[in-house]
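Peer 1: Sharing target_24.txt, compact mmCIF, N, CA and C atoms:
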# COMPACT_ATOMS: atom_id res chain seq x y z
N MET A 141 76.88 100.30 117.14
CA MET A 141 77.26 99.78 118.43
C MET A 141 78.78 99.77 118.50
N CYS A 142 79.32 100.25 119.60
CA CYS A 142 80.76 100.29 119.79
C CYS A 142 81.13 99.36 120.94
N LEU A 143 81.93 98.37 120.65
CA LEU A 143 82.34 97.40 121.66
C LEU A 143 83.79 97.69 122.02
N VAL A 144 84.02 98.20 123.22
CA VAL A 144 85.35 98.65 123.60
C VAL A 144 86.01 97.62 124.51
N PRO A 145 87.14 97.03 124.06
CA PRO A 145 87.84 96.07 124.89
C PRO A 145 88.72 96.76 125.92
N VAL A 146 88.90 96.14 127.06
CA VAL A 146 89.87 96.58 128.05
C VAL A 146 91.00 95.56 128.03
N ARG A 147 92.19 96.02 127.70
CA ARG A 147 93.30 95.09 127.56
C ARG A 147 94.06 94.96 128.87
N SER A 148 94.35 93.72 129.24
CA SER A 148 95.20 93.47 130.40
C SER A 148 96.29 92.47 130.01
N GLY A 149 96.51 92.33 128.76
CA GLY A 149 97.50 91.40 128.23
C GLY A 149 97.54 91.53 126.74
N THR A 150 97.87 90.47 126.05
CA THR A 150 97.90 90.53 124.60
C THR A 150 97.08 89.39 124.01
N ALA A 151 96.41 89.67 122.93
CA ALA A 151 95.65 88.63 122.24
C ALA A 151 96.33 88.28 120.93
N GLY A 152 97.55 88.74 120.72
CA GLY A 152 98.21 88.55 119.44
C GLY A 152 98.66 87.12 119.20
N PHE A 153 98.42 86.62 117.97
CA PHE A 153 98.91 85.32 117.57
C PHE A 153 98.83 85.22 116.06
N ALA A 154 99.50 84.24 115.50
CA ALA A 154 99.46 83.98 114.07
C ALA A 154 99.26 82.48 113.83
N LEU A 155 98.57 82.16 112.76
CA LEU A 155 98.38 80.77 112.33
C LEU A 155 98.75 80.66 110.85
N HIS A 156 99.38 79.58 110.49
CA HIS A 156 99.70 79.24 109.10
C HIS A 156 99.15 77.83 108.91
N PHE A 157 98.20 77.66 107.98
CA PHE A 157 97.53 76.37 107.90
C PHE A 157 97.17 76.02 106.45
N PRO A 158 96.98 74.73 106.19
CA PRO A 158 96.59 74.31 104.84
C PRO A 158 95.16 74.75 104.53
N ALA A 159 94.89 74.88 103.25
CA ALA A 159 93.55 75.27 102.81
C ALA A 159 92.63 74.06 102.93
N HIS A 160 92.10 73.88 104.13
CA HIS A 160 91.17 72.78 104.39
C HIS A 160 90.06 73.32 105.30
N PRO A 161 88.81 72.98 105.02
CA PRO A 161 87.69 73.53 105.79
C PRO A 161 87.76 73.31 107.30
N VAL A 162 88.45 72.29 107.78
CA VAL A 162 88.55 72.07 109.23
C VAL A 162 89.21 73.26 109.92
N TRP A 163 90.01 74.01 109.19
CA TRP A 163 90.72 75.14 109.79
C TRP A 163 89.83 76.33 110.08
N VAL A 164 88.64 76.37 109.52
CA VAL A 164 87.70 77.45 109.88
C VAL A 164 87.36 77.34 111.36
N ARG A 165 87.02 76.14 111.79
CA ARG A 165 86.72 75.92 113.21
C ARG A 165 87.93 76.21 114.08
N ASN A 166 89.12 75.78 113.64
CA ASN A 166 90.33 76.01 114.42
C ASN A 166 90.63 77.50 114.55
N ALA A 167 90.42 78.26 113.48
CA ALA A 167 90.65 79.71 113.52
C ALA A 167 89.67 80.39 114.48
N ARG A 168 88.41 79.98 114.41
CA ARG A 168 87.40 80.53 115.34
C ARG A 168 87.81 80.27 116.78
N GLN A 169 88.20 79.04 117.06
CA GLN A 169 88.56 78.68 118.43
C GLN A 169 89.81 79.43 118.89
N ALA A 170 90.76 79.63 117.99
CA ALA A 170 91.98 80.37 118.34
C ALA A 170 91.64 81.82 118.72
N VAL A 171 90.77 82.46 117.95
CA VAL A 171 90.37 83.84 118.26
C VAL A 171 89.62 83.87 119.59
N ARG A 172 88.69 82.97 119.78
CA ARG A 172 87.93 82.93 121.04
C ARG A 172 88.86 82.73 122.24
N THR A 173 89.78 81.78 122.12
CA THR A 173 90.71 81.49 123.22
C THR A 173 91.61 82.69 123.51
N ALA A 174 92.14 83.30 122.46
CA ALA A 174 93.03 84.46 122.65
C ALA A 174 92.29 85.61 123.31
N LEU A 175 91.06 85.88 122.88
CA LEU A 175 90.32 86.99 123.47
C LEU A 175 89.86 86.69 124.89
N ARG A 176 89.59 85.45 125.18
CA ARG A 176 89.22 85.10 126.56
C ARG A 176 90.43 85.21 127.50
N SER A 177 91.64 85.23 126.94
CA SER A 177 92.84 85.32 127.78
C SER A 177 93.12 86.75 128.23
N VAL A 178 92.38 87.72 127.70
CA VAL A 178 92.50 89.11 128.13
C VAL A 178 91.16 89.56 128.67
N GLU A 179 91.17 90.60 129.46
CA GLU A 179 89.92 91.10 130.02
C GLU A 179 89.16 91.85 128.93
N VAL A 180 87.97 91.40 128.60
CA VAL A 180 87.15 92.03 127.58
C VAL A 180 85.84 92.45 128.23
N VAL A 181 85.45 93.70 128.02
CA VAL A 181 84.26 94.24 128.64
C VAL A 181 83.00 93.54 128.16
N ASN A 182 82.92 93.22 126.89
CA ASN A 182 81.68 92.76 126.32
C ASN A 182 81.88 91.47 125.53
N ASP A 183 81.15 90.42 125.88
CA ASP A 183 81.25 89.16 125.15
C ASP A 183 80.83 89.31 123.69
N GLU A 184 80.07 90.36 123.38
CA GLU A 184 79.67 90.60 122.00
C GLU A 184 80.89 90.83 121.11
N LEU A 185 81.94 91.44 121.65
CA LEU A 185 83.17 91.66 120.88
C LEU A 185 83.76 90.31 120.48
N ILE A 186 83.81 89.39 121.40
CA ILE A 186 84.35 88.06 121.11
C ILE A 186 83.49 87.38 120.05
N ASP A 187 82.18 87.39 120.23
CA ASP A 187 81.29 86.75 119.26
C ASP A 187 81.44 87.35 117.87
N MET A 188 81.53 88.68 117.79
CA MET A 188 81.67 89.32 116.48
C MET A 188 83.03 89.01 115.86
N ALA A 189 84.09 89.01 116.66
CA ALA A 189 85.42 88.67 116.14
C ALA A 189 85.45 87.24 115.61
N VAL A 190 84.81 86.33 116.33
CA VAL A 190 84.76 84.93 115.91
C VAL A 190 83.97 84.80 114.61
N LEU A 191 82.82 85.46 114.51
CA LEU A 191 82.00 85.39 113.32
C LEU A 191 82.75 85.94 112.10
N LEU A 192 83.32 87.13 112.22
CA LEU A 192 84.00 87.74 111.08
C LEU A 192 85.25 86.97 110.69
N THR A 193 85.97 86.44 111.68
CA THR A 193 87.14 85.60 111.38
C THR A 193 86.71 84.38 110.60
N SER A 194 85.63 83.77 111.02
CA SER A 194 85.11 82.59 110.34
C SER A 194 84.80 82.89 108.88
N GLU A 195 84.18 84.03 108.63
CA GLU A 195 83.84 84.42 107.26
C GLU A 195 85.10 84.62 106.41
N LEU A 196 86.09 85.34 106.96
CA LEU A 196 87.31 85.60 106.19
C LEU A 196 88.09 84.32 105.91
N VAL A 197 88.22 83.48 106.92
CA VAL A 197 88.96 82.22 106.74
C VAL A 197 88.21 81.32 105.75
N SER A 198 86.90 81.26 105.84
CA SER A 198 86.11 80.47 104.89
C SER A 198 86.34 80.95 103.46
N ASN A 199 86.30 82.27 103.25
CA ASN A 199 86.54 82.82 101.92
C ASN A 199 87.94 82.51 101.42
N ALA A 200 88.94 82.64 102.29
CA ALA A 200 90.33 82.38 101.89
C ALA A 200 90.52 80.91 101.53
N ILE A 201 89.94 80.03 102.30
CA ILE A 201 90.06 78.60 102.01
C ILE A 201 89.34 78.27 100.70
N SER A 202 88.16 78.81 100.50
CA SER A 202 87.43 78.57 99.26
C SER A 202 88.22 79.05 98.05
N ALA A 203 88.79 80.24 98.14
CA ALA A 203 89.60 80.76 97.03
C ALA A 203 90.81 79.88 96.79
N SER A 204 91.45 79.44 97.86
CA SER A 204 92.65 78.61 97.73
C SER A 204 92.33 77.25 97.15
N LEU A 205 91.18 76.69 97.49
CA LEU A 205 90.81 75.38 96.97
C LEU A 205 90.51 75.40 95.48
N ASN A 206 90.31 76.60 94.92
CA ASN A 206 90.11 76.72 93.48
C ASN A 206 91.43 76.70 92.71
N CYS A 207 92.55 76.71 93.40
CA CYS A 207 93.87 76.64 92.76
C CYS A 207 94.22 75.18 92.48
N ARG A 208 95.03 74.96 91.45
CA ARG A 208 95.43 73.59 91.10
C ARG A 208 96.10 72.91 92.28
N THR A 209 97.04 73.60 92.91
CA THR A 209 97.68 73.12 94.14
C THR A 209 97.31 74.13 95.23
N PRO A 210 96.35 73.83 96.08
CA PRO A 210 95.88 74.81 97.06
C PRO A 210 97.01 75.31 97.97
N PRO A 211 97.29 76.62 97.92
CA PRO A 211 98.32 77.18 98.79
C PRO A 211 97.79 77.36 100.21
N PRO A 212 98.70 77.49 101.18
CA PRO A 212 98.27 77.67 102.57
C PRO A 212 97.65 79.05 102.81
N VAL A 213 97.05 79.19 103.97
CA VAL A 213 96.41 80.44 104.40
C VAL A 213 97.09 80.88 105.68
N ASP A 214 97.21 82.18 105.87
CA ASP A 214 97.79 82.76 107.09
C ASP A 214 96.77 83.66 107.77
N MET A 215 96.75 83.62 109.07
CA MET A 215 95.87 84.49 109.85
C MET A 215 96.69 85.10 110.97
N HIS A 216 96.47 86.37 111.24
CA HIS A 216 97.17 87.08 112.31
C HIS A 216 96.14 87.93 113.04
N ALA A 217 96.09 87.82 114.34
CA ALA A 217 95.19 88.62 115.17
C ALA A 217 96.03 89.35 116.22
N PHE A 218 95.73 90.64 116.43
CA PHE A 218 96.51 91.43 117.38
C PHE A 218 95.76 92.71 117.73
N TRP A 219 96.21 93.37 118.77
CA TRP A 219 95.68 94.67 119.15
C TRP A 219 96.48 95.73 118.41
N SER A 220 95.81 96.63 117.72
CA SER A 220 96.48 97.73 117.03
C SER A 220 96.95 98.76 118.07
N PRO A 221 97.88 99.64 117.70
CA PRO A 221 98.31 100.68 118.64
C PRO A 221 97.16 101.56 119.11
N GLU A 222 96.10 101.67 118.32
CA GLU A 222 94.94 102.48 118.69
C GLU A 222 93.99 101.74 119.63
N GLY A 223 94.27 100.47 119.91
CA GLY A 223 93.43 99.70 120.82
C GLY A 223 92.34 98.90 120.15
N HIS A 224 92.38 98.77 118.83
CA HIS A 224 91.38 97.98 118.10
C HIS A 224 91.90 96.56 117.94
N LEU A 225 90.99 95.61 117.99
CA LEU A 225 91.35 94.25 117.61
C LEU A 225 91.43 94.23 116.10
N GLN A 226 92.54 93.72 115.56
CA GLN A 226 92.67 93.59 114.12
C GLN A 226 92.93 92.13 113.79
N VAL A 227 92.21 91.63 112.79
CA VAL A 227 92.40 90.27 112.29
C VAL A 227 92.71 90.40 110.81
N LYS A 228 93.79 89.73 110.37
CA LYS A 228 94.19 89.72 108.97
C LYS A 228 94.21 88.27 108.49
N VAL A 229 93.67 88.04 107.30
CA VAL A 229 93.72 86.71 106.69
C VAL A 229 94.32 86.87 105.30
N TYR A 230 95.40 86.13 105.06
CA TYR A 230 96.12 86.20 103.79
C TYR A 230 96.00 84.87 103.06
N ASP A 231 95.58 84.95 101.80
CA ASP A 231 95.61 83.76 100.95
C ASP A 231 96.40 84.08 99.69
N ARG A 232 96.91 83.06 99.06
CA ARG A 232 97.76 83.21 97.89
C ARG A 232 97.01 82.94 96.59
N ALA A 233 95.70 82.90 96.66
CA ALA A 233 94.87 82.62 95.48
C ALA A 233 94.64 83.91 94.68
N PRO A 234 94.51 83.79 93.37
CA PRO A 234 94.23 84.98 92.56
C PRO A 234 92.80 85.46 92.78
N GLY A 235 92.54 86.67 92.36
CA GLY A 235 91.19 87.23 92.43
C GLY A 235 90.94 87.98 93.72
N ASP A 236 89.96 88.86 93.68
CA ASP A 236 89.56 89.64 94.84
C ASP A 236 88.13 89.28 95.24
N PRO A 237 87.88 89.21 96.53
CA PRO A 237 86.49 89.04 96.97
C PRO A 237 85.72 90.32 96.69
N GLU A 238 84.46 90.19 96.37
CA GLU A 238 83.62 91.36 96.10
C GLU A 238 82.34 91.27 96.93
N VAL A 239 81.93 92.42 97.45
CA VAL A 239 80.66 92.48 98.18
C VAL A 239 79.55 92.49 97.13
N PRO A 240 78.67 91.48 97.15
CA PRO A 240 77.56 91.47 96.17
C PRO A 240 76.66 92.69 96.36
N ASP A 241 76.03 93.12 95.28
CA ASP A 241 75.12 94.27 95.33
C ASP A 241 73.94 94.03 96.26
N GLN A 242 73.51 92.78 96.34
CA GLN A 242 72.37 92.47 97.20
C GLN A 242 72.59 91.13 97.90
N LEU A 243 71.88 90.94 98.98
CA LEU A 243 71.98 89.68 99.71
C LEU A 243 71.39 88.55 98.88
N PRO A 244 71.93 87.35 99.05
CA PRO A 244 71.36 86.20 98.34
C PRO A 244 70.00 85.84 98.93
N PRO A 245 69.24 85.01 98.23
CA PRO A 245 67.95 84.55 98.78
C PRO A 245 68.16 83.87 100.14
N PRO A 246 67.15 83.91 101.00
CA PRO A 246 67.29 83.37 102.36
C PRO A 246 67.72 81.91 102.44
N ASP A 247 67.38 81.10 101.42
CA ASP A 247 67.74 79.69 101.49
C ASP A 247 69.13 79.38 100.92
N ASP A 248 69.84 80.39 100.39
CA ASP A 248 71.21 80.18 99.92
C ASP A 248 72.16 80.09 101.12
N GLU A 249 73.13 79.19 101.03
CA GLU A 249 74.08 79.00 102.13
C GLU A 249 75.26 79.96 102.07
N TYR A 250 75.51 80.58 100.94
CA TYR A 250 76.71 81.40 100.76
C TYR A 250 76.34 82.81 100.33
N GLY A 251 77.32 83.72 100.46
CA GLY A 251 77.16 85.06 99.91
C GLY A 251 76.89 86.16 100.91
N ARG A 252 76.97 85.87 102.20
CA ARG A 252 76.68 86.90 103.20
C ARG A 252 77.91 87.41 103.94
N GLY A 253 79.03 86.72 103.80
CA GLY A 253 80.21 87.02 104.60
C GLY A 253 80.72 88.44 104.48
N LEU A 254 80.88 88.93 103.25
CA LEU A 254 81.40 90.29 103.08
C LEU A 254 80.37 91.34 103.45
N HIS A 255 79.08 91.00 103.34
CA HIS A 255 78.04 91.92 103.84
C HIS A 255 78.17 92.06 105.35
N LEU A 256 78.36 90.94 106.04
CA LEU A 256 78.56 91.01 107.49
C LEU A 256 79.78 91.85 107.82
N LEU A 257 80.85 91.62 107.12
CA LEU A 257 82.09 92.37 107.34
C LEU A 257 81.86 93.86 107.13
N ALA A 258 81.20 94.21 106.03
CA ALA A 258 80.97 95.62 105.70
C ALA A 258 80.08 96.32 106.74
N HIS A 259 79.15 95.57 107.33
CA HIS A 259 78.21 96.20 108.26
C HIS A 259 78.60 96.09 109.72
N CYS A 260 79.48 95.16 110.06
CA CYS A 260 79.78 94.93 111.48
C CYS A 260 81.16 95.38 111.92
N ALA A 261 82.12 95.44 111.01
CA ALA A 261 83.48 95.83 111.38
C ALA A 261 83.59 97.34 111.49
N ARG A 262 84.45 97.79 112.36
CA ARG A 262 84.74 99.23 112.49
C ARG A 262 85.40 99.72 111.21
N ALA A 263 86.29 98.90 110.66
CA ALA A 263 86.97 99.18 109.39
C ALA A 263 87.39 97.85 108.79
N TRP A 264 87.54 97.80 107.47
CA TRP A 264 88.01 96.59 106.80
C TRP A 264 88.52 96.97 105.42
N ALA A 265 89.33 96.11 104.85
CA ALA A 265 89.85 96.37 103.50
C ALA A 265 90.44 95.09 102.93
N ILE A 266 90.64 95.14 101.62
CA ILE A 266 91.34 94.09 100.88
C ILE A 266 92.64 94.72 100.40
N CYS A 267 93.77 94.09 100.70
CA CYS A 267 95.07 94.64 100.33
C CYS A 267 95.86 93.63 99.51
N ARG A 268 96.52 94.14 98.48
CA ARG A 268 97.49 93.35 97.72
C ARG A 268 98.84 93.96 98.04
N HIS A 269 99.71 93.17 98.65
CA HIS A 269 100.98 93.73 99.10
C HIS A 269 102.20 92.97 98.60
N ALA A 270 101.99 92.05 97.71
CA ALA A 270 103.12 91.28 97.19
C ALA A 270 102.91 91.07 95.70
N PRO A 271 103.99 90.93 94.96
CA PRO A 271 103.80 90.62 93.54
C PRO A 271 103.17 89.23 93.40
N GLY A 272 102.43 89.06 92.34
CA GLY A 272 101.78 87.78 92.10
C GLY A 272 100.43 87.71 92.76
N PRO A 273 99.82 86.53 92.70
CA PRO A 273 98.48 86.39 93.25
C PRO A 273 98.50 86.45 94.78
N GLY A 274 97.36 86.70 95.33
CA GLY A 274 97.22 86.71 96.78
C GLY A 274 96.75 88.05 97.28
N LYS A 275 96.12 88.01 98.44
CA LYS A 275 95.61 89.22 99.05
C LYS A 275 95.41 89.00 100.54
N THR A 276 95.37 90.11 101.25
CA THR A 276 95.03 90.10 102.68
C THR A 276 93.70 90.82 102.83
N VAL A 277 92.82 90.20 103.57
CA VAL A 277 91.57 90.87 103.96
C VAL A 277 91.64 91.03 105.47
N TRP A 278 91.41 92.23 105.95
CA TRP A 278 91.51 92.51 107.37
C TRP A 278 90.29 93.26 107.86
N PHE A 279 90.11 93.20 109.18
CA PHE A 279 89.07 94.02 109.82
C PHE A 279 89.53 94.47 111.18
N HIS A 280 88.93 95.57 111.64
CA HIS A 280 89.11 96.10 113.00
C HIS A 280 87.77 96.03 113.72
N LEU A 281 87.84 95.71 114.99
CA LEU A 281 86.65 95.84 115.86
C LEU A 281 87.03 96.75 117.02
Reformat the file's structure so that it appears as structure tokens.
Peer 2:
Amino acid sequence: MCLVPVRSGTAGFALHFPAHPVWVRNARQAVRTALRSVEVVNDELIDMAVLLTSELVSNAISASLNCRTPPPVDMHAFWSPEGHLQVKVYDRAPGDPEVPDQLPPPDDEYGRGLHLLAHCARAWAICRHAPGPGKTVWFHL
């Protein structure tokens, strides 16, 4: 399925926030609000962007909370020059997220986020762009 946005403005913004679970909801709301501020052909694009953002921010916060002093998390959402919505989430925690070989059992609460990302995003990747721990996970819709 291809969800094509029609841009009549900009949805670009950045957030810098502490590694606390309340920020997952705040990140979702920020993406929803930003996308509602531009003309979007299909509400499914907004729903998918909100879902995938939620998964990335949740993973970044979880990784950060495993650090002795949890570092902050950064999120940036914008339209790429090619017209794709791109969301980037950067955390300063060591380690890389990995897509599990198989889905967890249905009653497990965790372990589906990167599967969703792999199957629903137009493109996605994990990037290390600075010395030391930390990584950016991004997706395009």
Peer 1: Between atom C of A:Lys275 and atom N of A:Ala203, what is the distance in Å, rounded to a tenth?
Peer 2: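 Calculated distance between atom C of A:Lys275 and atom N of A:Ala203 is 11.2 Å.
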Peer 1: Apply DSSP to the backbone of this structure and, from stretch 174-270 of chain A, keep only the residues in helix (DSSP H, G or I); write these as JSON, numbers by chain.
Peer 2: {"A": [174, 175, 176, 183, 184, 185, 186, 187, 188, 189, 190, 191, 192, 193, 194, 195, 196, 197, 198, 199, 200, 201, 202, 203, 204, 205, 253, 254, 255, 256, 257, 258, 259, 260]}
Peer 1: Kindly provide, as lines of an AutoDock Vina configuration file, the centre and edge lengths (Å, one decimal) of an axis-aligned box around all atoms of stretch 166-175 of chain A given in the file, with 5 Å on each side.
Peer 2:
center_x = 90.2
center_y = 81.4
center_z = 119.2
size_x = 15.6
size_y = 21.2
size_z = 21.4
Peer 1: Choose the residue, out of A:Cys260, A:Ala233, A:Val178, A:Leu243, that has the smallest atom-to-atom separation from A:Asn206; count only N, CA and C atoms.
Peer 2: A:Ala233
Peer 1: Using all atoms listed in the file, find the one residue out of A:Ile201, A:Leu256, A:Leu196, A:Val213 that sits nearest to A:Val277.
Peer 2: A:Leu196
Peer 1: Using only C-alpha atoms, determine which residues lie at most 6 Å from stretch 149-165 of chain A, disregarding the query and same-chain residues fewer than 6 positions distant; provide the list as a PyMOL selection string.
Peer 2: chain A and resi 174-175+178+194+197+201+212-218
Peer 1: Report the distance between atom CA of A:Arg252 and atom CA of A:Asp231 in Å, rounded to one decimal place.
Peer 2: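 Computing it gives 19.3 Å between the two atoms.
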Peer 1: Can you work out the spacing between atom C of A:Pro240 and atom N of A:His255 in Å, to one decimal?
Peer 2: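 One can read the atom C of A:Pro240 to atom N of A:His255 distance as 7.6 Å.
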Peer 1: Identify all residues of chain A in strand (DSSP E) (DSSP on the backbone) and supply them as a JSON list (two decimals) with N, CA and C atoms, keeping the file's coordinate frame.
Peer 2:
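Dumped to states_0.json:
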[["chain", "number", "residue", "atom", "x", "y", "z"],
["A", 153, "PHE", "N", 98.42, 86.62, 117.97],
["A", 153, "PHE", "CA", 98.91, 85.32, 117.57],
["A", 153, "PHE", "C", 98.83, 85.22, 116.06],
["A", 154, "ALA", "N", 99.50, 84.24, 115.50],
["A", 154, "ALA", "CA", 99.46, 83.98, 114.07],
["A", 154, "ALA", "C", 99.26, 82.48, 113.83],
["A", 155, "LEU", "N", 98.57, 82.16, 112.76],
["A", 155, "LEU", "CA", 98.38, 80.77, 112.33],
["A", 155, "LEU", "C", 98.75, 80.66, 110.85],
["A", 156, "HIS", "N", 99.38, 79.58, 110.49],
["A", 156, "HIS", "CA", 99.70, 79.24, 109.10],
["A", 156, "HIS", "C", 99.15, 77.83, 108.91],
["A", 157, "PHE", "N", 98.20, 77.66, 107.98],
["A", 157, "PHE", "CA", 97.53, 76.37, 107.90],
["A", 157, "PHE", "C", 97.17, 76.02, 106.45],
["A", 213, "VAL", "N", 97.05, 79.19, 103.97],
["A", 213, "VAL", "CA", 96.41, 80.44, 104.40],
["A", 213, "VAL", "C", 97.09, 80.88, 105.68],
["A", 214, "ASP", "N", 97.21, 82.18, 105.87],
["A", 214, "ASP", "CA", 97.79, 82.76, 107.09],
["A", 214, "ASP", "C", 96.77, 83.66, 107.77],
["A", 215, "MET", "N", 96.75, 83.62, 109.07],
["A", 215, "MET", "CA", 95.87, 84.49, 109.85],
["A", 215, "MET", "C", 96.69, 85.10, 110.97],
["A", 216, "HIS", "N", 96.47, 86.37, 111.24],
["A", 216, "HIS", "CA", 97.17, 87.08, 112.31],
["A", 216, "HIS", "C", 96.14, 87.93, 113.04],
["A", 217, "ALA", "N", 96.09, 87.82, 114.34],
["A", 217, "ALA", "CA", 95.19, 88.62, 115.17],
["A", 217, "ALA", "C", 96.03, 89.35, 116.22],
["A", 218, "PHE", "N", 95.73, 90.64, 116.43],
["A", 218, "PHE", "CA", 96.51, 91.43, 117.38],
["A", 218, "PHE", "C", 95.76, 92.71, 117.73],
["A", 219, "TRP", "N", 96.21, 93.37, 118.77],
["A", 219, "TRP", "CA", 95.68, 94.67, 119.15],
["A", 219, "TRP", "C", 96.48, 95.73, 118.41],
["A", 225, "LEU", "N", 90.99, 95.61, 117.99],
["A", 225, "LEU", "CA", 91.35, 94.25, 117.61],
["A", 225, "LEU", "C", 91.43, 94.23, 116.10],
["A", 226, "GLN", "N", 92.54, 93.72, 115.56],
["A", 226, "GLN", "CA", 92.67, 93.59, 114.12],
["A", 226, "GLN", "C", 92.93, 92.13, 113.79],
["A", 227, "VAL", "N", 92.21, 91.63, 112.79],
["A", 227, "VAL", "CA", 92.40, 90.27, 112.29],
["A", 227, "VAL", "C", 92.71, 90.40, 110.81],
["A", 228, "LYS", "N", 93.79, 89.73, 110.37],
["A", 228, "LYS", "CA", 94.19, 89.72, 108.97],
["A", 228, "LYS", "C", 94.21, 88.27, 108.49],
["A", 229, "VAL", "N", 93.67, 88.04, 107.30],
["A", 229, "VAL", "CA", 93.72, 86.71, 106.69],
["A", 229, "VAL", "C", 94.32, 86.87, 105.30],
["A", 230, "TYR", "N", 95.40, 86.13, 105.06],
["A", 230, "TYR", "CA", 96.12, 86.20, 103.79],
["A", 230, "TYR", "C", 96.00, 84.87, 103.06],
["A", 231, "ASP", "N", 95.58, 84.95, 101.80],
["A", 231, "ASP", "CA", 95.61, 83.76, 100.95],
["A", 231, "ASP", "C", 96.40, 84.08, 99.69],
["A", 263, "ALA", "N", 86.29, 98.90, 110.66],
["A", 263, "ALA", "CA", 86.97, 99.18, 109.39],
["A", 263, "ALA", "C", 87.39, 97.85, 108.79],
["A", 264, "TRP", "N", 87.54, 97.80, 107.47],
["A", 264, "TRP", "CA", 88.01, 96.59, 106.80],
["A", 264, "TRP", "C", 88.52, 96.97, 105.42],
["A", 265, "ALA", "N", 89.33, 96.11, 104.85],
["A", 265, "ALA", "CA", 89.85, 96.37, 103.50],
["A", 265, "ALA", "C", 90.44, 95.09, 102.93],
["A", 266, "ILE", "N", 90.64, 95.14, 101.62],
["A", 266, "ILE", "CA", 91.34, 94.09, 100.88],
["A", 266, "ILE", "C", 92.64, 94.72, 100.40],
["A", 267, "CYS", "N", 93.77, 94.09, 100.70],
["A", 267, "CYS", "CA", 95.07, 94.64, 100.33],
["A", 267, "CYS", "C", 95.86, 93.63, 99.51],
["A", 275, "LYS", "N", 96.12, 88.01, 98.44],
["A", 275, "LYS", "CA", 95.61, 89.22, 99.05],
["A", 275, "LYS", "C", 95.41, 89.00, 100.54],
["A", 276, "THR", "N", 95.37, 90.11, 101.25],
["A", 276, "THR", "CA", 95.03, 90.10, 102.68],
["A", 276, "THR", "C", 93.70, 90.82, 102.83],
["A", 277, "VAL", "N", 92.82, 90.20, 103.57],
["A", 277, "VAL", "CA", 91.57, 90.87, 103.96],
["A", 277, "VAL", "C", 91.64, 91.03, 105.47],
["A", 278, "TRP", "N", 91.41, 92.23, 105.95],
["A", 278, "TRP", "CA", 91.51, 92.51, 107.37],
["A", 278, "TRP", "C", 90.29, 93.26, 107.86],
["A", 279, "PHE", "N", 90.11, 93.20, 109.18],
["A", 279, "PHE", "CA", 89.07, 94.02, 109.82],
["A", 279, "PHE", "C", 89.53, 94.47, 111.18],
["A", 280, "HIS", "N", 88.93, 95.57, 111.64],
["A", 280, "HIS", "CA", 89.11, 96.10, 113.00],
["A", 280, "HIS", "C", 87.77, 96.03, 113.72]]
Peer 1: Show me, as a list of chain:residue names, the residues that have an atom within 7 Å of A:His280 when counting all atoms listed in the file, minus same-chain residues fewer than 3 positions from it.
Peer 2: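 Near A:His280, the qualifying residues are A:His224, A:Leu225, A:Gln226, A:Val227, A:Cys260, A:Ala261, A:Arg262, A:Ala263, A:Trp264, A:Ala265.
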Peer 1: I need the residue nearest A:Met188 from this list: A:Ser220, A:Asn166, A:Val171, A:Ser204. Use only C-alpha atoms for the distance.
Peer 2: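 Comparing A:Ser220, A:Asn166, A:Val171, A:Ser204 against A:Met188, the winner is A:Val171.
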Peer 1: Quick one: residues within 8 Å of A:Val239, only C-alpha atoms counted, chain neighbours fewer than 2 positions away excluded, as a list in words?
Peer 2: Pro237, Asp241, Leu254 and His255 of chain A
Peer 1: Nearest residue to A:Arg232 out of A:Ala170, A:Ala200, A:Ala258, A:Ile266, using only C-alpha atoms?
Peer 2: A:Ala200
Peer 1: Smallest atom-to-atom distance to A:Leu192: which of A:Asp236, A:Lys228, A:Pro210, A:Gly272, using only C-alpha atoms?
Peer 2: A:Lys228
